[in-house]
$ cat protein26.cif   # mmCIF, C-alpha atoms and all ligand atoms
data_query
loop_
_atom_site.label_atom_id
_atom_site.label_comp_id
_atom_site.auth_asym_id
_atom_site.auth_seq_id
_atom_site.Cartn_x
_atom_site.Cartn_y
_atom_site.Cartn_z
CA MET A 155 -36.62 36.40 43.88
CA ILE A 156 -40.36 37.20 43.82
CA ARG A 157 -41.02 40.93 43.38
CA ILE A 158 -44.28 42.53 44.48
CA LEU A 159 -45.50 46.04 43.74
CA ALA A 160 -47.89 47.16 46.50
CA ASN A 161 -49.15 50.05 44.41
CA ASP A 162 -51.81 51.33 46.80
CA GLY A 163 -49.69 50.52 49.87
CA ILE A 164 -49.86 47.57 52.25
CA ASP A 165 -49.95 47.49 56.03
CA PRO A 166 -46.42 47.15 57.52
CA ILE A 167 -47.42 43.81 59.07
CA GLY A 168 -48.20 42.41 55.61
CA GLN A 169 -45.00 43.88 54.19
CA ARG A 170 -42.93 42.29 56.99
CA LEU A 171 -44.60 38.91 56.39
CA LEU A 172 -43.78 39.05 52.67
CA GLU A 173 -40.21 40.21 53.24
CA GLY A 174 -39.77 37.54 55.93
CA ALA A 175 -40.74 34.97 53.30
CA GLY A 176 -37.93 36.28 51.10
CA PHE A 177 -39.98 38.45 48.72
CA THR A 178 -39.14 42.01 47.64
CA VAL A 179 -41.95 44.52 48.24
CA ASP A 180 -41.99 47.99 46.66
CA THR A 181 -44.57 50.42 47.98
CA GLU A 182 -43.77 53.49 45.93
CA PHE A 183 -46.90 54.47 43.98
CA VAL A 184 -46.63 54.17 40.21
CA PRO A 185 -49.17 56.29 38.28
CA GLN A 186 -51.63 54.32 36.17
CA ASP A 187 -50.13 55.37 32.82
CA GLN A 188 -46.64 54.23 33.85
CA LEU A 189 -47.74 50.83 35.14
CA PRO A 190 -47.44 48.90 31.82
CA GLU A 191 -43.73 49.63 31.78
CA ALA A 192 -43.02 49.49 35.53
CA LEU A 193 -44.87 46.22 36.07
CA GLN A 194 -42.58 44.32 33.65
CA ASN A 195 -40.22 43.76 36.58
CA TYR A 196 -42.80 42.37 39.01
CA ASP A 197 -44.39 38.98 39.64
CA ALA A 198 -47.36 40.40 41.53
CA ILE A 199 -49.24 43.63 42.12
CA THR A 200 -51.40 44.46 45.10
CA VAL A 201 -53.99 47.23 44.90
CA ARG A 202 -56.81 48.72 46.96
CA SER A 203 -59.50 50.60 45.03
CA ALA A 204 -57.40 53.33 43.37
CA THR A 205 -55.19 51.37 40.93
CA LYS A 206 -57.00 49.76 38.01
CA VAL A 207 -55.84 46.43 36.60
CA ARG A 208 -57.60 46.26 33.27
CA GLN A 209 -57.25 43.91 30.32
CA SER A 210 -54.73 46.20 28.56
CA LEU A 211 -52.42 46.22 31.60
CA ILE A 212 -52.65 42.44 31.96
CA ASP A 213 -51.80 42.04 28.25
CA ALA A 214 -48.86 44.41 28.60
CA CYS A 215 -47.33 42.47 31.52
CA PRO A 216 -46.79 38.81 30.59
CA ASN A 217 -44.63 38.24 33.70
CA LEU A 218 -47.48 39.11 36.05
CA LYS A 219 -48.64 36.03 37.96
CA LEU A 220 -50.83 37.40 40.72
CA ILE A 221 -53.12 40.37 41.43
CA GLY A 222 -54.00 40.94 45.09
CA ARG A 223 -56.85 43.24 46.11
CA GLY A 224 -56.65 44.47 49.69
CA GLY A 225 -60.36 44.71 50.40
CA VAL A 226 -63.59 43.45 48.89
CA GLY A 227 -64.85 45.03 45.64
CA MET A 228 -63.04 43.84 42.53
CA ASP A 229 -64.62 46.35 40.13
CA ASN A 230 -61.16 47.90 39.50
CA ILE A 231 -59.80 44.56 38.22
CA ASP A 232 -60.73 42.59 35.08
CA VAL A 233 -60.94 39.41 37.14
CA GLU A 234 -62.28 36.99 34.54
CA TYR A 235 -59.79 38.14 31.93
CA ALA A 236 -56.89 37.81 34.37
CA LYS A 237 -57.95 34.26 35.23
CA GLU A 238 -58.27 33.37 31.53
CA LYS A 239 -54.67 34.50 31.11
CA GLY A 240 -53.55 32.36 34.04
CA VAL A 241 -53.08 35.28 36.45
CA ALA A 242 -54.28 34.46 39.97
CA VAL A 243 -56.59 37.03 41.60
CA TYR A 244 -57.19 37.25 45.34
CA ASN A 245 -59.08 39.63 47.61
CA THR A 246 -59.60 39.77 51.37
CA PRO A 247 -63.38 39.83 51.66
CA ALA A 248 -63.99 39.55 55.40
CA SER A 249 -61.21 41.73 56.80
CA SER A 250 -62.96 45.10 56.59
CA SER A 251 -66.62 44.23 57.22
CA LEU A 252 -66.74 45.51 60.80
CA SER A 253 -64.94 48.75 59.95
CA VAL A 254 -67.36 49.50 57.11
CA ALA A 255 -70.33 48.67 59.34
CA GLU A 256 -69.06 51.03 62.05
CA LEU A 257 -68.67 53.80 59.46
CA VAL A 258 -72.35 53.30 58.55
CA PHE A 259 -73.22 54.17 62.14
CA ALA A 260 -70.80 57.11 62.19
CA HIS A 261 -72.84 58.56 59.31
CA LEU A 262 -76.13 57.53 60.88
CA PHE A 263 -75.39 59.18 64.25
CA THR A 264 -74.12 62.23 62.37
CA GLY A 265 -77.28 62.56 60.30
CA ILE A 266 -79.82 62.16 63.09
CA ARG A 267 -78.20 65.02 65.07
CA PHE A 268 -77.26 67.27 62.09
CA LEU A 269 -73.56 67.02 62.94
CA GLN A 270 -72.49 67.29 59.28
CA ASP A 271 -74.05 70.76 59.14
CA ALA A 272 -73.04 71.80 62.65
CA ASN A 273 -69.43 70.91 61.91
CA ARG A 274 -69.48 73.15 58.84
CA ARG A 275 -71.43 76.08 60.27
CA MET A 276 -70.27 76.48 63.86
CA PRO A 277 -66.68 77.50 63.06
CA ALA A 278 -67.84 79.69 60.17
CA GLU A 279 -70.67 81.46 61.99
CA GLY A 280 -69.08 81.56 65.44
CA ASP A 281 -70.79 82.25 68.72
CA THR A 282 -72.96 85.08 67.33
CA LYS A 283 -75.19 82.44 65.66
CA PHE A 284 -74.90 79.84 68.42
CA ASN A 285 -78.52 80.09 69.51
CA ASP A 286 -79.84 80.14 65.93
CA LEU A 287 -77.92 76.97 65.24
CA LYS A 288 -79.17 75.44 68.49
CA LYS A 289 -82.73 75.97 67.21
CA ALA A 290 -81.87 74.63 63.75
CA TYR A 291 -80.68 71.37 65.27
CA ALA A 292 -83.40 71.01 67.91
CA LYS A 293 -85.28 68.16 66.22
CA GLY A 294 -82.83 65.29 66.48
CA VAL A 295 -84.11 61.74 66.87
CA GLU A 296 -83.01 58.59 68.70
CA LEU A 297 -82.12 55.32 67.03
CA ARG A 298 -83.57 52.95 69.63
CA GLY A 299 -86.91 51.61 68.42
CA SER A 300 -86.43 52.90 64.88
CA THR A 301 -86.26 50.60 61.84
CA ILE A 302 -83.20 50.14 59.68
CA GLY A 303 -83.56 48.48 56.28
CA ILE A 304 -80.49 46.70 54.94
CA LEU A 305 -80.33 46.15 51.17
CA GLY A 306 -77.73 43.42 50.54
CA PHE A 307 -77.31 41.05 53.48
CA GLY A 308 -73.77 39.76 53.00
CA ARG A 309 -70.76 40.19 55.24
CA ILE A 310 -71.10 43.94 55.81
CA GLY A 311 -74.91 43.95 55.88
CA ARG A 312 -74.82 41.33 58.63
CA GLU A 313 -72.30 43.35 60.70
CA VAL A 314 -74.53 46.41 60.33
CA ALA A 315 -77.47 44.34 61.57
CA LYS A 316 -75.54 43.20 64.66
CA ILE A 317 -74.70 46.77 65.65
CA ALA A 318 -78.29 47.84 65.00
CA ILE A 319 -79.61 45.04 67.22
CA GLY A 320 -77.22 46.16 69.95
CA LEU A 321 -78.66 49.66 69.67
CA GLY A 322 -82.22 48.40 70.05
CA MET A 323 -83.23 48.99 66.44
CA GLU A 324 -85.62 46.87 64.37
CA VAL A 325 -83.78 45.28 61.46
CA LEU A 326 -85.32 44.50 58.06
CA ALA A 327 -83.01 42.63 55.72
CA TYR A 328 -83.24 42.02 51.98
CA ASP A 329 -80.91 40.07 49.72
CA LEU A 330 -81.20 38.77 46.19
CA TYR A 331 -80.56 35.25 47.50
CA PRO A 332 -82.06 33.31 50.44
CA PHE A 333 -80.10 33.77 53.68
CA ASP A 334 -80.00 32.70 57.31
CA PRO A 335 -81.75 35.50 59.24
CA THR A 336 -80.22 34.53 62.59
CA LEU A 337 -77.16 36.46 63.73
CA GLU A 338 -74.74 35.76 66.53
CA VAL A 339 -74.44 39.10 68.29
CA ILE A 340 -71.51 39.61 70.66
CA LEU A 341 -72.43 41.85 73.57
CA GLY A 342 -70.10 43.40 76.17
CA GLY A 343 -68.38 40.89 78.43
CA GLY A 344 -68.16 38.42 75.56
CA ILE A 345 -71.81 37.41 75.92
CA LYS A 346 -73.16 35.91 72.71
CA VAL A 347 -76.82 35.82 71.75
CA ASN A 348 -78.55 34.54 68.64
CA VAL A 349 -81.01 37.09 67.29
CA PRO A 350 -83.15 36.76 64.15
CA VAL A 351 -83.74 39.75 61.86
CA LYS A 352 -86.91 40.22 59.81
CA VAL A 353 -86.62 39.08 56.22
CA ALA A 354 -88.22 41.69 53.94
CA THR A 355 -88.58 42.54 50.28
CA LYS A 356 -86.85 45.56 48.82
CA ASP A 357 -90.25 47.26 48.37
CA GLU A 358 -91.15 46.67 52.02
CA ILE A 359 -87.88 48.18 53.16
CA ILE A 360 -88.34 51.18 50.90
CA ALA A 361 -91.85 51.76 52.24
CA ILE A 362 -91.29 51.06 55.95
CA ALA A 363 -87.70 51.81 57.01
CA ASP A 364 -86.67 54.93 58.91
CA PHE A 365 -83.11 54.42 57.66
CA ILE A 366 -81.90 52.55 54.58
CA THR A 367 -78.35 51.36 54.11
CA LEU A 368 -76.90 49.78 50.95
CA HIS A 369 -74.61 46.74 51.03
CA THR A 370 -74.85 45.13 47.60
CA PRO A 371 -71.88 44.89 45.24
CA PHE A 372 -71.59 47.42 42.41
CA LEU A 373 -74.52 46.87 40.03
CA ASP A 374 -75.25 48.20 36.55
CA GLN A 375 -78.45 49.88 37.74
CA PRO A 376 -78.91 52.04 40.85
CA VAL A 377 -80.61 50.22 43.74
CA LEU A 378 -82.27 53.51 44.75
CA ASP A 379 -83.64 55.81 42.04
CA ALA A 380 -86.25 58.56 41.82
CA ALA A 381 -89.14 56.04 41.97
CA SER A 382 -87.65 54.47 45.13
CA PHE A 383 -87.36 57.85 46.86
CA ASP A 384 -91.00 58.61 45.97
CA GLN A 385 -92.11 55.47 47.81
CA MET A 386 -90.09 56.10 50.97
CA LYS A 387 -91.32 57.38 54.30
CA LYS A 388 -90.93 61.13 54.71
CA GLY A 389 -87.81 61.92 56.68
CA VAL A 390 -85.94 58.70 55.91
CA GLY A 391 -82.13 58.69 56.25
CA ILE A 392 -79.99 57.03 53.54
CA ILE A 393 -76.50 55.60 53.90
CA ASN A 394 -74.22 54.37 51.12
CA CYS A 395 -70.86 52.95 52.21
CA SER A 396 -70.92 50.36 49.44
CA ARG A 397 -70.27 51.64 45.92
CA GLY A 398 -70.93 54.80 43.94
CA GLY A 399 -73.58 54.20 41.32
CA LEU A 400 -75.92 52.34 43.69
CA ILE A 401 -77.85 55.56 44.28
CA ASP A 402 -79.04 57.91 41.54
CA GLU A 403 -77.26 60.99 42.90
CA SER A 404 -79.53 63.51 41.14
CA ALA A 405 -82.62 61.78 42.54
CA LEU A 406 -81.04 61.81 46.00
CA ILE A 407 -80.36 65.57 45.83
CA ALA A 408 -83.96 66.17 44.71
CA ALA A 409 -85.30 64.02 47.57
CA LEU A 410 -83.12 65.88 50.11
CA ASP A 411 -84.24 69.25 48.74
CA ASN A 412 -87.94 68.37 48.94
CA ASP A 413 -87.48 66.97 52.48
CA LYS A 414 -88.49 63.42 51.54
CA VAL A 415 -85.06 62.33 52.71
CA SER A 416 -83.83 64.01 55.87
CA PHE A 417 -80.15 63.22 55.44
CA ALA A 418 -77.68 61.03 53.59
CA GLY A 419 -74.32 59.61 54.64
CA LEU A 420 -72.03 58.85 51.71
CA ASP A 421 -68.62 57.18 51.67
CA VAL A 422 -68.76 56.40 47.95
CA PHE A 423 -69.66 58.45 44.90
CA ASP A 424 -70.34 58.24 41.17
CA ASN A 425 -67.28 60.29 40.34
CA GLU A 426 -64.43 59.27 42.56
CA PRO A 427 -62.14 61.01 43.33
CA THR A 428 -64.06 64.13 42.23
CA PRO A 429 -67.68 63.87 43.41
CA ARG A 430 -70.27 66.42 42.25
CA LYS A 431 -70.08 69.79 43.95
CA ASP A 432 -73.77 69.76 44.93
CA ILE A 433 -73.12 66.51 46.80
CA LEU A 434 -69.97 67.86 48.48
CA THR A 435 -71.61 71.06 49.68
CA HIS A 436 -75.08 69.80 50.61
CA SER A 437 -76.01 70.67 54.19
CA LYS A 438 -77.88 67.36 54.63
CA ILE A 439 -75.08 65.08 53.44
CA SER A 440 -72.43 63.63 55.73
CA LEU A 441 -69.35 62.84 53.67
CA SER A 442 -66.28 60.64 53.86
CA PRO A 443 -63.73 59.93 51.11
CA HIS A 444 -64.16 56.15 50.62
CA ILE A 445 -62.60 55.22 53.95
CA GLY A 446 -64.82 52.28 54.90
CA ALA A 447 -61.87 49.94 55.37
CA SER A 448 -59.48 52.61 56.62
CA THR A 449 -59.00 51.60 60.22
CA ASN A 450 -55.78 50.33 61.77
CA GLU A 451 -57.46 47.05 62.63
CA ALA A 452 -58.93 46.41 59.17
CA GLN A 453 -55.69 47.35 57.41
CA GLU A 454 -53.71 44.99 59.65
CA ARG A 455 -56.16 42.17 58.91
CA ILE A 456 -56.11 42.96 55.17
CA GLY A 457 -52.31 43.15 55.03
CA THR A 458 -51.90 39.89 56.93
CA GLU A 459 -54.50 38.02 54.88
CA LEU A 460 -53.12 39.28 51.57
CA ALA A 461 -49.52 38.49 52.51
CA ASN A 462 -50.46 34.95 53.53
CA LEU A 463 -52.38 34.41 50.27
CA ILE A 464 -49.40 35.62 48.22
CA ILE A 465 -46.92 33.52 50.22
CA ASP A 466 -49.11 30.42 49.84
CA TYR A 467 -49.40 31.00 46.10
CA PHE A 468 -45.70 31.38 45.38
CA LYS A 469 -44.46 28.79 47.88
CA ASN A 470 -46.81 26.02 46.72
P1 LIG B 501 -70.88 40.40 50.19
O1 LIG B 501 -70.62 39.76 48.88
O2 LIG B 501 -70.56 39.64 51.43
O3 LIG B 501 -72.40 40.89 50.28
C1 LIG B 501 -73.09 41.46 49.22
C2 LIG B 501 -74.50 40.92 49.26
O4 LIG B 501 -75.27 41.60 48.28
C3 LIG B 501 -74.58 39.42 48.93
O5 LIG B 501 -75.25 38.74 49.98
C4 LIG B 501 -75.34 39.38 47.62
O6 LIG B 501 -76.18 38.23 47.51
C5 LIG B 501 -76.16 40.65 47.72
N1 LIG B 501 -76.65 41.15 46.45
C6 LIG B 501 -76.06 41.10 45.23
N2 LIG B 501 -76.84 41.70 44.32
C7 LIG B 501 -77.93 42.14 44.97
C8 LIG B 501 -79.11 42.84 44.57
N3 LIG B 501 -79.30 43.20 43.30
N4 LIG B 501 -80.04 43.12 45.52
C9 LIG B 501 -79.85 42.74 46.81
N5 LIG B 501 -78.78 42.07 47.24
C10 LIG B 501 -77.82 41.78 46.33
O7 LIG B 501 -70.07 41.78 50.14
P2 LIG B 501 -69.67 42.68 51.39
O8 LIG B 501 -68.33 42.27 51.89
O9 LIG B 501 -70.81 42.75 52.33
O10 LIG B 501 -69.48 44.08 50.64
C11 LIG B 501 -70.60 44.78 50.14
C12 LIG B 501 -70.15 46.02 49.39
O11 LIG B 501 -69.39 46.88 50.22
C13 LIG B 501 -69.28 45.74 48.16
O12 LIG B 501 -69.78 46.48 47.08
C14 LIG B 501 -67.96 46.33 48.52
O13 LIG B 501 -67.29 46.80 47.40
C15 LIG B 501 -68.35 47.45 49.46
N6 LIG B 501 -67.26 47.86 50.34
C16 LIG B 501 -67.04 49.18 50.53
C17 LIG B 501 -65.99 49.59 51.35
C18 LIG B 501 -65.72 51.04 51.58
O14 LIG B 501 -64.59 51.41 51.78
N7 LIG B 501 -66.73 51.86 51.64
C19 LIG B 501 -65.14 48.64 51.95
C20 LIG B 501 -65.43 47.29 51.75
C21 LIG B 501 -66.49 46.91 50.93
#

$ encode --input "protein26.cif" --output "structure tokens" --more "lines below"
Ligand code: NAD
Amino acid sequence: MIRILANDGIDPIGQRLLEGAGFTVDTEFVPQDQLPEALQNYDAITVRSATKVRQSLIDACPNLKLIGRGGVGMDNIDVEYAKEKGVAVYNTPASSSLSVAELVFAHLFTGIRFLQDANRRMPAEGDTKFNDLKKAYAKGVELRGSTIGILGFGRIGREVAKIAIGLGMEVLAYDLYPFDPTLEVILGGGIKVNVPVKVATKDEIIAIADFITLHTPFLDQPVLDAASFDQMKKGVGIINCSRGGLIDESALIAALDNDKVSFAGLDVFDNEPTPRKDILTHSKISLSPHIGASTNEAQERIGTELANLIIDYFKN
């Protein structure tokens, strides 16, 4: 009997698929420090981003045959080490791209109309300050005709571009590697059109874009630091739904405070799950707690894909 610990949960559809294939699935969360002991009884573990599967855990669990990551980023797993030890590692890279891209626009629409601040201040200040707040938020902008710069043009970057094109935005795209700039955009009524984006350098995006959104993997160095903010257009909006560490958070706060950056939308942070207080309380930052993939649709796709990968592995 194959036993699987779904330590960060798994969508019920995925659980049913695994159980239908004759596997046992436990979904009760085991804290990180208890995993070396608990995992002795399992053939596989599935995680999202919370549980870490490091070298020491892999060494402590010789029965472990498979690590499944529901989602994209594998920075919580020592992938190469696991493979060296003969442990299979799978993720579900495409399942959440659209959900993350839509969250980018949730933050973008929030920032251009000051909703992050309005949501905090209206209940607190009540109707006595209604007209003051109305004045404070009088200088919103529209997205149509504006330019969005996408740093990292992989699965999520491309979904962001498609939505941007649908909104009538200009798209500048940069990636470390050459890429096909033409996108198939699906419009209402199932109409499909092929639309090219403009290929740009990182420096061009930093200098020209009205909005900049990050879609690279986690990197050792921030993609945006103090020097990058200095070179940006005044009033630029910044979105990071990719990974904490891709933006120098202190430089971002400074750029928000000196009005170089008009707002930021952040789903990811240097210190998860306890981001800096000045980030959490900043009136120009729209926040979400790393929920890029947290939609019913994405979780169903992730659960199904992961279950099928695990079934294929153990049945073949
Ligand atoms: P992807 O691999 O499809 O795309 C990443 C792209 O970044 C690739 O095209 C790659 O060539 C490019 N790249 C790598 N290094 C670069 C660099 N230095 N400069 C410019 N481009 C570079 O990955 P994806 O599925 O689009 O995911 C992107 C990121 O989103 C990952 O870090 C992932 O962890 C994160 N993510 C976040 C959430 C969330 O909940 N917020 C959910 C899913 C994924």

$ closest_atom_pairs --input "protein26.cif" --of "chain A" --to "ligand LIG 501 (chain B)" --cutoff "6 Å" --atoms "only C-alpha atoms and all ligand atoms" --output "CSV"
residue,atom,partner,partner_atom,distance
A:Gly225,CA,B:LIG501,C20,5.8
A:Val226,CA,B:LIG501,C21,5.0
A:Gly227,CA,B:LIG501,O13,3.5
A:Pro247,CA,B:LIG501,O8,5.5
A:Ser250,CA,B:LIG501,C20,5.9
A:Ser251,CA,B:LIG501,O8,5.9
A:Val254,CA,B:LIG501,C19,5.7
A:Leu305,CA,B:LIG501,C9,5.6
A:Gly306,CA,B:LIG501,N5,3.7
A:Phe307,CA,B:LIG501,O5,4.7
A:Gly308,CA,B:LIG501,O3,3.2
A:Arg309,CA,B:LIG501,O2,3.9
A:Ile310,CA,B:LIG501,O9,3.7
A:Gly311,CA,B:LIG501,O9,5.6
A:Asp329,CA,B:LIG501,N5,3.8
A:Leu330,CA,B:LIG501,N5,4.2
A:Tyr331,CA,B:LIG501,O6,5.3
A:His369,CA,B:LIG501,C11,4.6
A:Thr370,CA,B:LIG501,O4,3.6
A:Pro371,CA,B:LIG501,O12,3.2
A:Phe372,CA,B:LIG501,O12,5.1
A:Cys395,CA,B:LIG501,N7,4.3
A:Ser396,CA,B:LIG501,O11,3.9
A:Arg397,CA,B:LIG501,O12,5.3
A:Asp421,CA,B:LIG501,N7,5.6
A:His444,CA,B:LIG501,O14,4.9
A:Ile445,CA,B:LIG501,O14,4.8
A:Gly446,CA,B:LIG501,O14,3.2
A:Ala447,CA,B:LIG501,O14,4.7

$ atom_distance --input "protein26.cif" --atom1 "atom CA of A:Tyr467" --atom2 "atom CA of A:Leu218"
13.1 Å

$ atom_distance --input "protein26.cif" --atom1 "atom CA of A:Asn230" --atom2 "atom CA of A:Arg208"
7.4 Å

$ atom_distance --input "protein26.cif" --atom1 "atom CA of A:Gly457" --atom2 "atom CA of A:Leu171"
8.9 Å

$ closest_residue --input "protein26.cif" --among "A:Gly344, A:Leu373, A:Leu400, A:Ile360" --to "A:Met386" --atoms "all atoms listed in the file"
A:Ile360

$ residues_around --input "protein26.cif" --residues "A:Val233" --least-positions-apart "3" --cutoff "9 Å" --atoms "all atoms listed in the file" --output "number ranges by chain"
A: 207-209, 221, 228-230, 236-238, 241-243

$ residues_around --input "protein26.cif" --residues "stretch 266-270 of chain A" --least-positions-apart "5" --cutoff "9 Å" --atoms "only C-alpha atoms" --output "ChimeraX atom specification"
/A:261,275,290-297,391,416-417,437-441

$ residues_around --input "protein26.cif" --residues "A:Asn412" --least-positions-apart "2" --cutoff "12 Å" --atoms "all atoms listed in the file" --output "list in words"
Phe383, Asp384, Lys388, Gly389, Ala405, Leu406, Ile407, Ala408, Ala409, Leu410, Lys414, Val415, Ser416, Phe417 and Lys438 of chain A

$ residues_around --input "protein26.cif" --residues "A:Gln186" --least-positions-apart "5" --cutoff "10 Å" --atoms "all atoms listed in the file" --output "JSON, numbers by chain"
{"A": [161, 192, 204, 205, 206, 207, 211]}

$ residues_near_point --input "protein26.cif" --point "(-50.3, 44.7, 29.5)" --cutoff "9 Å" --atoms "all atoms listed in the file" --output "PyMOL selection string"
chain A and resi 189-191+193-194+208-216

$ closest_residue --input "protein26.cif" --among "A:Ala255, A:Leu321, A:Ile456, A:Ala381" --to "A:Asn394" --atoms "all atoms listed in the file"
A:Ala255

$ residues_around --input "protein26.cif" --residues "A:Val201" --least-positions-apart "4" --cutoff "7 Å" --atoms "only C-alpha atoms" --output "JSON, numbers by chain"
{"A": [160, 161, 162, 205, 222, 223, 224]}

$ closest_residue --input "protein26.cif" --among "A:Val339, A:Ile319, A:Ala278, A:Ile359" --to "A:Arg298" --atoms "all atoms listed in the file"
A:Ile319

$ closest_residue --input "protein26.cif" --among "A:Ser448, A:Thr367, A:Asn462, A:Asn195" --to "A:Tyr244" --atoms "all atoms listed in the file"
A:Asn462

$ closest_residue --input "protein26.cif" --among "A:Lys239, A:Arg202, A:Arg274, A:Arg170" --to "A:Thr435" --atoms "all atoms listed in the file"
A:Arg274

$ closest_residue --input "protein26.cif" --among "A:Tyr235, A:Phe259, A:Phe423, A:Phe333" --to "A:Ile401" --atoms "all atoms listed in the file"
A:Phe423

$ build_atoms --input "protein26.cif" --residues "stretch 400-420 of chain A" --atoms "N, CA and C atoms" --output "PDB file, in the frame of the given file"
ATOM      1  N   LEU A 400     -74.775  53.085  43.147  1.00  0.00           N
ATOM      2  CA  LEU A 400     -75.920  52.340  43.690  1.00  0.00           C
ATOM      3  C   LEU A 400     -77.082  53.263  44.019  1.00  0.00           C
ATOM      4  N   ILE A 401     -76.785  54.573  44.084  1.00  0.00           N
ATOM      5  CA  ILE A 401     -77.850  55.560  44.280  1.00  0.00           C
ATOM      6  C   ILE A 401     -77.804  56.532  43.110  1.00  0.00           C
ATOM      7  N   ASP A 402     -78.966  56.858  42.558  1.00  0.00           N
ATOM      8  CA  ASP A 402     -79.040  57.910  41.540  1.00  0.00           C
ATOM      9  C   ASP A 402     -78.818  59.236  42.285  1.00  0.00           C
ATOM     10  N   GLU A 403     -77.640  59.826  42.089  1.00  0.00           N
ATOM     11  CA  GLU A 403     -77.260  60.990  42.900  1.00  0.00           C
ATOM     12  C   GLU A 403     -78.181  62.193  42.654  1.00  0.00           C
ATOM     13  N   SER A 404     -78.631  62.374  41.413  1.00  0.00           N
ATOM     14  CA  SER A 404     -79.530  63.510  41.140  1.00  0.00           C
ATOM     15  C   SER A 404     -80.858  63.310  41.855  1.00  0.00           C
ATOM     16  N   ALA A 405     -81.352  62.064  41.848  1.00  0.00           N
ATOM     17  CA  ALA A 405     -82.620  61.780  42.540  1.00  0.00           C
ATOM     18  C   ALA A 405     -82.444  61.967  44.047  1.00  0.00           C
ATOM     19  N   LEU A 406     -81.287  61.624  44.566  1.00  0.00           N
ATOM     20  CA  LEU A 406     -81.040  61.810  46.000  1.00  0.00           C
ATOM     21  C   LEU A 406     -81.059  63.301  46.359  1.00  0.00           C
ATOM     22  N   ILE A 407     -80.383  64.119  45.559  1.00  0.00           N
ATOM     23  CA  ILE A 407     -80.360  65.570  45.830  1.00  0.00           C
ATOM     24  C   ILE A 407     -81.794  66.117  45.812  1.00  0.00           C
ATOM     25  N   ALA A 408     -82.571  65.681  44.810  1.00  0.00           N
ATOM     26  CA  ALA A 408     -83.960  66.170  44.710  1.00  0.00           C
ATOM     27  C   ALA A 408     -84.748  65.754  45.960  1.00  0.00           C
ATOM     28  N   ALA A 409     -84.546  64.522  46.407  1.00  0.00           N
ATOM     29  CA  ALA A 409     -85.300  64.020  47.570  1.00  0.00           C
ATOM     30  C   ALA A 409     -84.848  64.715  48.862  1.00  0.00           C
ATOM     31  N   LEU A 410     -83.588  65.110  48.942  1.00  0.00           N
ATOM     32  CA  LEU A 410     -83.120  65.880  50.110  1.00  0.00           C
ATOM     33  C   LEU A 410     -83.715  67.294  50.065  1.00  0.00           C
ATOM     34  N   ASP A 411     -83.763  67.866  48.858  1.00  0.00           N
ATOM     35  CA  ASP A 411     -84.240  69.250  48.740  1.00  0.00           C
ATOM     36  C   ASP A 411     -85.739  69.364  48.974  1.00  0.00           C
ATOM     37  N   ASN A 412     -86.496  68.273  48.665  1.00  0.00           N
ATOM     38  CA  ASN A 412     -87.940  68.370  48.940  1.00  0.00           C
ATOM     39  C   ASN A 412     -88.302  67.707  50.271  1.00  0.00           C
ATOM     40  N   ASP A 413     -87.305  67.466  51.110  1.00  0.00           N
ATOM     41  CA  ASP A 413     -87.480  66.970  52.480  1.00  0.00           C
ATOM     42  C   ASP A 413     -88.021  65.543  52.571  1.00  0.00           C
ATOM     43  N   LYS A 414     -88.086  64.831  51.465  1.00  0.00           N
ATOM     44  CA  LYS A 414     -88.490  63.420  51.540  1.00  0.00           C
ATOM     45  C   LYS A 414     -87.428  62.647  52.325  1.00  0.00           C
ATOM     46  N   VAL A 415     -86.187  62.941  51.990  1.00  0.00           N
ATOM     47  CA  VAL A 415     -85.060  62.330  52.710  1.00  0.00           C
ATOM     48  C   VAL A 415     -84.501  63.380  53.656  1.00  0.00           C
ATOM     49  N   SER A 416     -84.292  62.986  54.925  1.00  0.00           N
ATOM     50  CA  SER A 416     -83.830  64.010  55.870  1.00  0.00           C
ATOM     51  C   SER A 416     -82.313  64.166  55.851  1.00  0.00           C
ATOM     52  N   PHE A 417     -81.601  63.081  55.568  1.00  0.00           N
ATOM     53  CA  PHE A 417     -80.150  63.220  55.440  1.00  0.00           C
ATOM     54  C   PHE A 417     -79.608  62.004  54.682  1.00  0.00           C
ATOM     55  N   ALA A 418     -78.383  62.164  54.194  1.00  0.00           N
ATOM     56  CA  ALA A 418     -77.680  61.030  53.590  1.00  0.00           C
ATOM     57  C   ALA A 418     -76.257  60.998  54.139  1.00  0.00           C
ATOM     58  N   GLY A 419     -75.724  59.790  54.270  1.00  0.00           N
ATOM     59  CA  GLY A 419     -74.320  59.610  54.640  1.00  0.00           C
ATOM     60  C   GLY A 419     -73.647  58.855  53.514  1.00  0.00           C
ATOM     61  N   LEU A 420     -72.641  59.457  52.904  1.00  0.00           N
ATOM     62  CA  LEU A 420     -72.030  58.850  51.710  1.00  0.00           C
ATOM     63  C   LEU A 420     -70.518  58.688  51.886  1.00  0.00           C
TER      64      LEU A 420
END
